$ cat data02.cif   # mmCIF, C-alpha atoms
data_target
#
loop_
_atom_site.group_PDB
_atom_site.id
_atom_site.type_symbol
_atom_site.label_atom_id
_atom_site.label_comp_id
_atom_site.auth_asym_id
_atom_site.auth_seq_id
_atom_site.Cartn_x
_atom_site.Cartn_y
_atom_site.Cartn_z
ATOM 1 C CA MET A 16 -147.137 -40.589 -20.475
ATOM 2 C CA SER A 17 -148.615 -43.547 -18.563
ATOM 3 C CA SER A 18 -148.404 -47.039 -19.898
ATOM 4 C CA THR A 19 -151.641 -48.766 -20.963
ATOM 5 C CA ARG A 20 -150.289 -52.192 -19.931
ATOM 6 C CA THR A 21 -149.564 -51.589 -16.255
ATOM 7 C CA GLY A 22 -151.789 -51.649 -13.175
ATOM 8 C CA ALA A 23 -155.486 -51.929 -14.052
ATOM 9 C CA GLY A 24 -154.421 -51.980 -17.711
ATOM 10 C CA ARG A 25 -153.063 -55.460 -17.143
ATOM 11 C CA VAL A 26 -156.561 -56.769 -16.303
ATOM 12 C CA LEU A 27 -158.060 -54.922 -19.262
ATOM 13 C CA VAL A 28 -155.524 -56.495 -21.619
ATOM 14 C CA ALA A 29 -156.333 -59.923 -20.118
ATOM 15 C CA VAL A 30 -160.085 -59.465 -20.683
ATOM 16 C CA TYR A 31 -159.522 -58.174 -24.235
ATOM 17 C CA GLY A 32 -157.184 -61.140 -24.819
ATOM 18 C CA VAL A 33 -159.875 -63.602 -23.758
ATOM 19 C CA PHE A 34 -162.378 -61.944 -26.114
ATOM 20 C CA ALA A 35 -159.830 -61.883 -28.946
ATOM 21 C CA LEU A 36 -159.193 -65.597 -28.547
ATOM 22 C CA ALA A 37 -162.855 -66.542 -28.074
ATOM 23 C CA ALA A 38 -164.339 -64.428 -30.891
ATOM 24 C CA THR A 39 -161.622 -65.306 -33.402
ATOM 25 C CA ALA A 40 -161.612 -69.040 -32.682
ATOM 26 C CA ARG A 41 -165.402 -69.296 -32.596
ATOM 27 C CA SER A 42 -165.930 -67.412 -35.855
ATOM 28 C CA LEU A 43 -163.173 -69.425 -37.554
ATOM 29 C CA VAL A 44 -164.885 -72.696 -36.607
ATOM 30 C CA GLN A 45 -168.249 -71.308 -37.776
ATOM 31 C CA LEU A 46 -166.853 -70.034 -41.076
ATOM 32 C CA LEU A 47 -164.991 -73.282 -41.751
ATOM 33 C CA THR A 48 -167.839 -75.654 -40.851
ATOM 34 C CA LYS A 49 -171.123 -73.860 -41.632
ATOM 35 C CA ALA A 50 -170.382 -70.591 -43.402
ATOM 36 C CA ASP A 51 -173.429 -70.978 -45.679
ATOM 37 C CA GLU A 52 -175.874 -70.945 -42.720
ATOM 38 C CA ALA A 53 -175.204 -67.358 -41.644
ATOM 39 C CA PRO A 54 -172.265 -65.918 -43.599
ATOM 40 C CA LEU A 55 -172.922 -62.294 -42.608
ATOM 41 C CA ALA A 56 -173.257 -63.094 -38.880
ATOM 42 C CA TYR A 57 -170.131 -65.252 -38.837
ATOM 43 C CA GLY A 58 -168.232 -62.715 -40.938
ATOM 44 C CA LEU A 59 -169.209 -59.977 -38.480
ATOM 45 C CA SER A 60 -168.058 -62.132 -35.572
ATOM 46 C CA ALA A 61 -164.735 -62.663 -37.365
ATOM 47 C CA LEU A 62 -164.426 -58.904 -37.852
ATOM 48 C CA ALA A 63 -165.149 -58.418 -34.144
ATOM 49 C CA GLY A 64 -162.445 -60.973 -33.396
ATOM 50 C CA VAL A 65 -159.908 -59.014 -35.452
ATOM 51 C CA VAL A 66 -160.917 -55.805 -33.653
ATOM 52 C CA TYR A 67 -160.424 -57.491 -30.256
ATOM 53 C CA VAL A 68 -156.997 -58.758 -31.368
ATOM 54 C CA ALA A 69 -156.031 -55.214 -32.445
ATOM 55 C CA ALA A 70 -157.286 -53.749 -29.149
ATOM 56 C CA THR A 71 -155.374 -56.381 -27.164
ATOM 57 C CA LEU A 72 -152.127 -55.697 -29.041
ATOM 58 C CA GLY A 73 -152.581 -51.925 -28.828
ATOM 59 C CA LEU A 74 -153.325 -51.897 -25.099
ATOM 60 C CA ALA A 75 -150.486 -54.382 -24.445
ATOM 61 C CA GLU A 76 -148.208 -51.940 -26.314
ATOM 62 C CA VAL A 77 -147.199 -54.326 -29.060
ATOM 63 C CA GLY A 78 -146.222 -52.782 -32.400
ATOM 64 C CA PRO A 79 -144.873 -49.419 -33.560
ATOM 65 C CA GLN A 80 -147.874 -47.195 -32.704
ATOM 66 C CA PRO A 81 -149.811 -49.150 -30.075
ATOM 67 C CA ARG A 82 -151.801 -46.226 -28.626
ATOM 68 C CA ARG A 83 -153.113 -45.242 -32.061
ATOM 69 C CA LEU A 84 -153.982 -48.891 -32.778
ATOM 70 C CA ALA A 85 -155.805 -49.196 -29.444
ATOM 71 C CA TRP A 86 -157.816 -45.994 -30.030
ATOM 72 C CA ALA A 87 -158.828 -47.147 -33.520
ATOM 73 C CA ALA A 88 -159.782 -50.618 -32.270
ATOM 74 C CA VAL A 89 -161.869 -49.553 -29.248
ATOM 75 C CA GLY A 90 -163.507 -46.777 -31.326
ATOM 76 C CA PHE A 91 -164.472 -49.272 -34.029
ATOM 77 C CA GLU A 92 -165.610 -51.682 -31.335
ATOM 78 C CA LEU A 93 -167.882 -49.065 -29.757
ATOM 79 C CA VAL A 94 -169.469 -48.160 -33.101
ATOM 80 C CA GLY A 95 -169.802 -51.864 -33.938
ATOM 81 C CA VAL A 96 -171.499 -52.952 -30.733
ATOM 82 C CA LEU A 97 -173.851 -49.939 -30.748
ATOM 83 C CA THR A 98 -174.771 -50.376 -34.430
ATOM 84 C CA ILE A 99 -175.176 -54.170 -34.456
ATOM 85 C CA GLY A 100 -176.761 -54.047 -31.000
ATOM 86 C CA THR A 101 -179.391 -51.522 -32.105
ATOM 87 C CA LEU A 102 -180.091 -53.294 -35.413
ATOM 88 C CA THR A 103 -180.573 -56.672 -33.699
ATOM 89 C CA VAL A 104 -182.781 -55.222 -30.965
ATOM 90 C CA LEU A 105 -185.002 -53.556 -33.600
ATOM 91 C CA ASP A 106 -185.052 -56.695 -35.768
ATOM 92 C CA PRO A 107 -184.112 -59.864 -33.843
ATOM 93 C CA GLU A 108 -184.453 -61.922 -37.047
ATOM 94 C CA LEU A 109 -181.838 -59.839 -38.873
ATOM 95 C CA PHE A 110 -179.197 -62.563 -38.622
ATOM 96 C CA PRO A 111 -179.901 -66.320 -38.613
ATOM 97 C CA ASP A 112 -177.315 -66.776 -35.854
ATOM 98 C CA GLU A 113 -175.958 -64.578 -33.060
ATOM 99 C CA THR A 114 -172.898 -62.377 -33.418
ATOM 100 C CA VAL A 115 -170.769 -61.310 -30.470
ATOM 101 C CA TRP A 116 -172.330 -57.821 -30.728
ATOM 102 C CA SER A 117 -175.991 -58.956 -31.116
ATOM 103 C CA SER A 118 -178.331 -57.292 -28.568
ATOM 104 C CA TYR A 119 -175.375 -55.237 -27.296
ATOM 105 C CA GLY A 120 -173.509 -58.412 -26.318
ATOM 106 C CA ALA A 121 -176.257 -59.696 -23.997
ATOM 107 C CA GLY A 122 -175.216 -63.267 -24.821
ATOM 108 C CA TYR A 123 -171.768 -62.542 -23.404
ATOM 109 C CA GLY A 124 -172.900 -60.966 -20.148
ATOM 110 C CA TRP A 125 -173.006 -57.457 -21.694
ATOM 111 C CA LEU A 126 -169.202 -57.390 -21.593
ATOM 112 C CA PRO A 127 -168.957 -56.467 -25.312
ATOM 113 C CA LEU A 128 -170.876 -53.270 -24.453
ATOM 114 C CA VAL A 129 -168.853 -52.472 -21.325
ATOM 115 C CA LEU A 130 -165.422 -53.225 -22.805
ATOM 116 C CA PRO A 131 -165.133 -50.347 -25.314
ATOM 117 C CA PHE A 132 -166.146 -47.823 -22.650
ATOM 118 C CA ALA A 133 -163.561 -49.313 -20.287
ATOM 119 C CA GLY A 134 -160.979 -49.224 -23.084
ATOM 120 C CA ILE A 135 -161.706 -45.584 -23.962
ATOM 121 C CA ALA A 136 -161.690 -44.580 -20.285
ATOM 122 C CA TRP A 137 -158.328 -46.285 -19.763
ATOM 123 C CA LEU A 138 -156.777 -44.763 -22.895
ATOM 124 C CA TRP A 139 -158.025 -41.339 -21.769
ATOM 125 C CA HIS A 140 -156.778 -41.883 -18.211
ATOM 126 C CA THR A 141 -153.297 -42.833 -19.452
ATOM 127 C CA ARG A 142 -153.154 -40.232 -22.259
ATOM 128 C CA PRO A 143 -149.879 -38.379 -22.859
ATOM 129 C CA ARG A 144 -149.762 -35.075 -20.928
ATOM 130 C CA ASP A 145 -147.146 -32.559 -21.970
ATOM 131 C CA MET B 9 -170.629 -105.314 -24.341
ATOM 132 C CA THR B 10 -172.252 -102.523 -22.350
ATOM 133 C CA SER B 11 -173.305 -99.292 -23.974
ATOM 134 C CA ARG B 12 -172.336 -95.870 -22.620
ATOM 135 C CA ALA B 13 -175.790 -95.403 -21.097
ATOM 136 C CA GLU B 14 -175.596 -98.688 -19.178
ATOM 137 C CA ARG B 15 -172.186 -98.023 -17.666
ATOM 138 C CA PRO B 16 -172.097 -96.772 -14.113
ATOM 139 C CA GLU B 17 -170.919 -93.185 -13.871
ATOM 140 C CA ARG B 18 -167.142 -93.204 -13.778
ATOM 141 C CA ILE B 19 -164.797 -90.605 -12.431
ATOM 142 C CA GLY B 20 -162.978 -90.794 -15.730
ATOM 143 C CA ALA B 21 -165.858 -89.666 -17.942
ATOM 144 C CA VAL B 22 -165.972 -86.345 -19.774
ATOM 145 C CA ASP B 23 -169.494 -85.810 -18.422
ATOM 146 C CA GLY B 24 -168.548 -87.216 -15.000
ATOM 147 C CA PRO B 25 -167.468 -85.401 -11.846
ATOM 148 C CA LEU B 26 -164.081 -84.196 -13.143
ATOM 149 C CA PRO B 27 -165.310 -81.176 -15.161
ATOM 150 C CA LEU B 28 -167.655 -80.245 -12.302
ATOM 151 C CA ALA B 29 -164.682 -80.337 -9.924
ATOM 152 C CA LEU B 30 -162.704 -78.211 -12.389
ATOM 153 C CA ILE B 31 -165.524 -75.652 -12.617
ATOM 154 C CA ALA B 32 -165.761 -75.458 -8.811
ATOM 155 C CA GLY B 33 -161.973 -75.363 -8.476
ATOM 156 C CA SER B 34 -161.598 -72.588 -11.060
ATOM 157 C CA LEU B 35 -164.282 -70.478 -9.390
ATOM 158 C CA ALA B 36 -162.658 -71.064 -5.986
ATOM 159 C CA PHE B 37 -159.307 -70.067 -7.502
ATOM 160 C CA ALA B 38 -160.850 -66.801 -8.765
ATOM 161 C CA VAL B 39 -162.300 -66.079 -5.298
ATOM 162 C CA VAL B 40 -158.927 -66.755 -3.632
ATOM 163 C CA VAL B 41 -157.218 -64.440 -6.124
ATOM 164 C CA LEU B 42 -159.752 -61.690 -5.382
ATOM 165 C CA ALA B 43 -158.952 -62.121 -1.685
ATOM 166 C CA TYR B 44 -155.262 -61.706 -2.561
ATOM 167 C CA VAL B 45 -156.141 -58.523 -4.485
ATOM 168 C CA ALA B 46 -158.183 -57.174 -1.564
ATOM 169 C CA LEU B 47 -155.338 -57.882 0.862
ATOM 170 C CA ALA B 48 -152.735 -56.492 -1.588
ATOM 171 C CA ARG B 49 -150.922 -59.823 -1.554
ATOM 172 C CA THR B 50 -148.880 -60.912 -4.534
ATOM 173 C CA PRO B 51 -149.170 -64.449 -5.971
ATOM 174 C CA ASP B 52 -147.212 -67.044 -3.987
ATOM 175 C CA TRP B 53 -146.355 -70.737 -4.212
ATOM 176 C CA GLY B 54 -149.723 -71.667 -2.671
ATOM 177 C CA LEU B 55 -151.598 -69.945 -5.481
ATOM 178 C CA LEU B 56 -149.263 -71.477 -8.046
ATOM 179 C CA GLY B 57 -149.902 -74.930 -6.527
ATOM 180 C CA PHE B 58 -153.686 -74.366 -6.693
ATOM 181 C CA ALA B 59 -153.344 -73.422 -10.357
ATOM 182 C CA GLY B 60 -151.143 -76.495 -10.883
ATOM 183 C CA LEU B 61 -153.929 -78.755 -9.606
ATOM 184 C CA ILE B 62 -156.429 -77.188 -12.026
ATOM 185 C CA GLU B 63 -153.890 -77.485 -14.840
ATOM 186 C CA ALA B 64 -153.330 -81.182 -14.066
ATOM 187 C CA GLY B 65 -157.106 -81.755 -14.038
ATOM 188 C CA ALA B 66 -157.451 -79.942 -17.378
ATOM 189 C CA LEU B 67 -154.752 -82.189 -18.856
ATOM 190 C CA VAL B 68 -156.463 -85.341 -17.558
ATOM 191 C CA LEU B 69 -159.794 -84.141 -19.004
ATOM 192 C CA LEU B 70 -158.145 -83.540 -22.388
ATOM 193 C CA VAL B 71 -156.702 -87.070 -22.404
ATOM 194 C CA ILE B 72 -160.054 -88.589 -21.344
ATOM 195 C CA ALA B 73 -161.856 -86.646 -24.091
ATOM 196 C CA ALA B 74 -159.291 -87.779 -26.683
ATOM 197 C CA VAL B 75 -159.866 -91.413 -25.640
ATOM 198 C CA GLN B 76 -163.673 -91.204 -25.491
ATOM 199 C CA VAL B 77 -164.409 -88.878 -28.428
ATOM 200 C CA GLY B 78 -164.783 -91.874 -30.763
ATOM 201 C CA ASP B 79 -167.724 -93.173 -28.689
ATOM 202 C CA VAL B 80 -169.897 -90.071 -29.113
ATOM 203 C CA ASP B 81 -171.612 -88.335 -31.992
ATOM 204 C CA LEU B 82 -170.228 -84.827 -32.390
ATOM 205 C CA HIS B 83 -171.720 -83.402 -35.584
ATOM 206 C CA GLY B 84 -170.715 -80.237 -37.424
ATOM 207 C CA GLY B 85 -167.722 -78.555 -35.857
ATOM 208 C CA GLY B 86 -168.391 -80.243 -32.512
ATOM 209 C CA THR B 87 -165.048 -82.054 -32.308
ATOM 210 C CA VAL B 88 -163.037 -78.957 -33.237
ATOM 211 C CA THR B 89 -165.051 -76.866 -30.765
ATOM 212 C CA LEU B 90 -164.605 -79.432 -27.978
ATOM 213 C CA PHE B 91 -160.839 -79.685 -28.371
ATOM 214 C CA GLY B 92 -160.580 -75.931 -28.892
ATOM 215 C CA TYR B 93 -162.081 -75.420 -25.439
ATOM 216 C CA LEU B 94 -159.996 -78.220 -23.883
ATOM 217 C CA ILE B 95 -156.758 -76.786 -25.277
ATOM 218 C CA ALA B 96 -157.812 -73.289 -24.179
ATOM 219 C CA GLY B 97 -158.343 -74.736 -20.694
ATOM 220 C CA LEU B 98 -154.769 -75.975 -20.799
ATOM 221 C CA VAL B 99 -153.025 -72.829 -22.058
ATOM 222 C CA LEU B 100 -154.983 -70.112 -20.225
ATOM 223 C CA LEU B 101 -153.350 -70.580 -16.821
ATOM 224 C CA PRO B 102 -149.703 -70.584 -18.013
ATOM 225 C CA ILE B 103 -150.295 -67.527 -20.239
ATOM 226 C CA GLY B 104 -152.193 -65.786 -17.440
ATOM 227 C CA PHE B 105 -149.384 -66.426 -14.955
ATOM 228 C CA VAL B 106 -146.733 -65.135 -17.375
ATOM 229 C CA TRP B 107 -148.772 -61.961 -17.970
ATOM 230 C CA SER B 108 -149.547 -61.554 -14.259
ATOM 231 C CA LEU B 109 -146.114 -62.259 -12.768
ATOM 232 C CA ALA B 110 -144.371 -59.799 -15.095
ATOM 233 C CA GLU B 111 -145.527 -57.031 -12.765
ATOM 234 C CA ARG B 112 -146.159 -56.674 -9.036
ATOM 235 C CA SER B 113 -149.407 -54.795 -8.645
ATOM 236 C CA ARG B 114 -153.015 -55.430 -7.676
ATOM 237 C CA GLY B 115 -153.990 -55.189 -11.341
ATOM 238 C CA ALA B 116 -151.438 -57.820 -12.285
ATOM 239 C CA THR B 117 -152.697 -60.173 -9.551
ATOM 240 C CA ALA B 118 -156.303 -59.578 -10.630
ATOM 241 C CA VAL B 119 -155.396 -60.983 -14.059
ATOM 242 C CA LEU B 120 -155.455 -64.418 -12.401
ATOM 243 C CA ALA B 121 -159.079 -63.876 -11.321
ATOM 244 C CA VAL B 122 -159.991 -63.244 -14.978
ATOM 245 C CA VAL B 123 -158.153 -66.457 -15.863
ATOM 246 C CA GLY B 124 -159.986 -68.432 -13.142
ATOM 247 C CA LEU B 125 -163.410 -67.221 -14.310
ATOM 248 C CA THR B 126 -162.510 -67.942 -17.936
ATOM 249 C CA GLU B 127 -161.317 -71.446 -16.991
ATOM 250 C CA ALA B 128 -164.661 -72.121 -15.285
ATOM 251 C CA PHE B 129 -166.514 -70.898 -18.410
ATOM 252 C CA VAL B 130 -164.353 -73.133 -20.613
ATOM 253 C CA PHE B 131 -165.249 -76.259 -18.603
ATOM 254 C CA VAL B 132 -168.942 -75.320 -18.638
ATOM 255 C CA ARG B 133 -168.732 -75.126 -22.431
ATOM 256 C CA VAL B 134 -166.968 -78.514 -22.566
ATOM 257 C CA LEU B 135 -169.921 -80.040 -20.713
ATOM 258 C CA GLN B 136 -172.381 -78.276 -23.043
ATOM 259 C CA VAL B 137 -170.601 -79.420 -26.204
ATOM 260 C CA TRP B 138 -170.208 -83.037 -25.006
ATOM 261 C CA PRO B 139 -173.363 -85.031 -25.946
ATOM 262 C CA SER B 140 -175.004 -86.334 -22.765
#

$ encode --input "data02.cif" --output "C-alpha cells"
Amino acid sequence: MSSTRTGAGRVLVAVYGVFALAATARSLVQLLTKADEAPLAYGLSALAGVVYVAATLGLAEVGPQPRRLAWAAVGFELVGVLTIGTLTVLDPELFPDETVWSSYGAGYGWLPLVLPFAGIAWLWHTRPRD
Amino acid sequence: MTSRAERPERIGAVDGPLPLALIAGSLAFAVVVLAYVALARTPDWGLLGFAGLIEAGALVLLVIAAVQVGDVDLHGGGTVTLFGYLIAGLVLLPIGFVWSLAERSRGATAVLAVVGLTEAFVFVRVLQVWPS
C-alpha cells in the first residue's frame, strides 16, 4: 500500500492544511463577531473547515484509520461543493454572505472544486493493492 | 500634531512599502522553489536564508501593526482578522519547512511553493483589512 503523505501527497496535504486553517479561522471569526448576519452561511463555512481539517489529518496519516477518514472527508467535500455550488449558482441570493463552497468555490480560485477531485484521485492512486 | 493622512509615507507603515515587498518576496520565493522542483534540487541554505528574510519582514510587520493598530478604526472583527493573518504569515514558513524537509522528493520541495503563494495571499489580505 502506498502512503498518502509522500511525494505529491505532501503538496496535497499542504494545500488541504492551508484550506483547513483558512476556512476554520475565518468562520470562527465570523461566528464570534457577526453570527446573526448570516448564521447558515457561516455555519456552513465552519462545517467546511472541519471537513478540510479531517481531510488534512486523514491524508497526512494522523489517527487510527486515516485512509477511511480521508475518503469520508473528500467524499463529503465533493458532495458539499457540488450541492452548495449548484444552489448558489441557481439562486445567488440564497445566503447573505459567501461560503467557501459558494459558486463552486469561485471566490477561492475554484480550488474548493478542484481539491476533492485531486483528493479522490490521490486516494485511488495510492489505494491498497493485494 | 500631524494626522496619519498628513504624515509622509514611511517605510514603517502597515500600508507602506513593507507589505508590498513581502508580497513580491513571497511570490519570488515561490518561483525560485518551482525552479528547484523543475531542476530536482532539494532545499538548501540559500532557500532557507530567503525564507528567513521573509520571516523577519513578517515579524517586523506584526510589530508595526501592533504599534499602529490603536491609530486606525477596525470595526467588527477587523482587529482579530488582521492579527490572524499576521500571525499566519509568521507561522506558515516554519511549519511549511518542517513538513517539507521531513522528506526528500520533488513533492516535498513543492510544499514550499504552496507556502510562498499562501504567504503572498496573507500579505495581500493584510493590506485589504488595514483601513487606508

$ residues_around --input "data02.cif" --residues "Arg142 of chain A" --least-positions-apart "4" --cutoff "9 Å" --atoms "all atoms listed in the file" --output "MDAnalysis selection string"
chainID A and resid 16:19 82 137:138

$ residues_around --input "data02.cif" --residues "Tyr31 of chain A" --least-positions-apart "4" --cutoff "8 Å" --atoms "all atoms listed in the file" --output "VMD selection string"
chain A and resid 27 35 67 to 68 70 to 71 130

$ atom_distance --input "data02.cif" --atom1 "atom CA of Val45 of chain B" --atom2 "atom CA of Arg114 of chain B"
5.4 Å

$ residues_around --input "data02.cif" --residues "segment 67-81 of chain B" --least-positions-apart "3" --cutoff "12 Å" --atoms "all atoms listed in the file" --output "JSON, numbers by chain"
{"B": [11, 12, 13, 18, 19, 20, 21, 22, 23, 24, 25, 26, 27, 28, 29, 30, 60, 61, 62, 63, 64, 84, 85, 86, 87, 88, 90, 91, 92, 93, 94, 95, 96, 97, 98, 99, 101, 131, 134, 135, 137, 138, 139, 140]}

$ atom_distance --input "data02.cif" --atom1 "atom CA of Thr141 of chain A" --atom2 "atom CA of Gly78 of chain A"
17.8 Å

$ resolve_selection --input "data02.cif" --expression "the PyMOL selection byres ((chain B and resi 116-129) around 9)" --output "ChimeraX atom specification"
/A:21-30,33 /B:30-42,44-45,48-51,59,96-98,100-101,104-105,107-115,130-134

$ atom_distance --input "data02.cif" --atom1 "atom CA of Leu82 of chain B" --atom2 "atom CA of Gly58 of chain A"
23.8 Å

$ residues_around --input "data02.cif" --residues "Ile135 of chain A" --least-positions-apart "2" --cutoff "10 Å" --atoms "all atoms listed in the file" --output "JSON, numbers by chain"
{"A": [85, 86, 88, 89, 90, 93, 130, 131, 132, 133, 137, 138, 139, 140, 141]}

$ closest_residue --input "data02.cif" --among "A:Tyr123, A:Phe110, A:Ala69, A:Ser118" --to "chain B" --atoms "all atoms listed in the file"
A:Tyr123
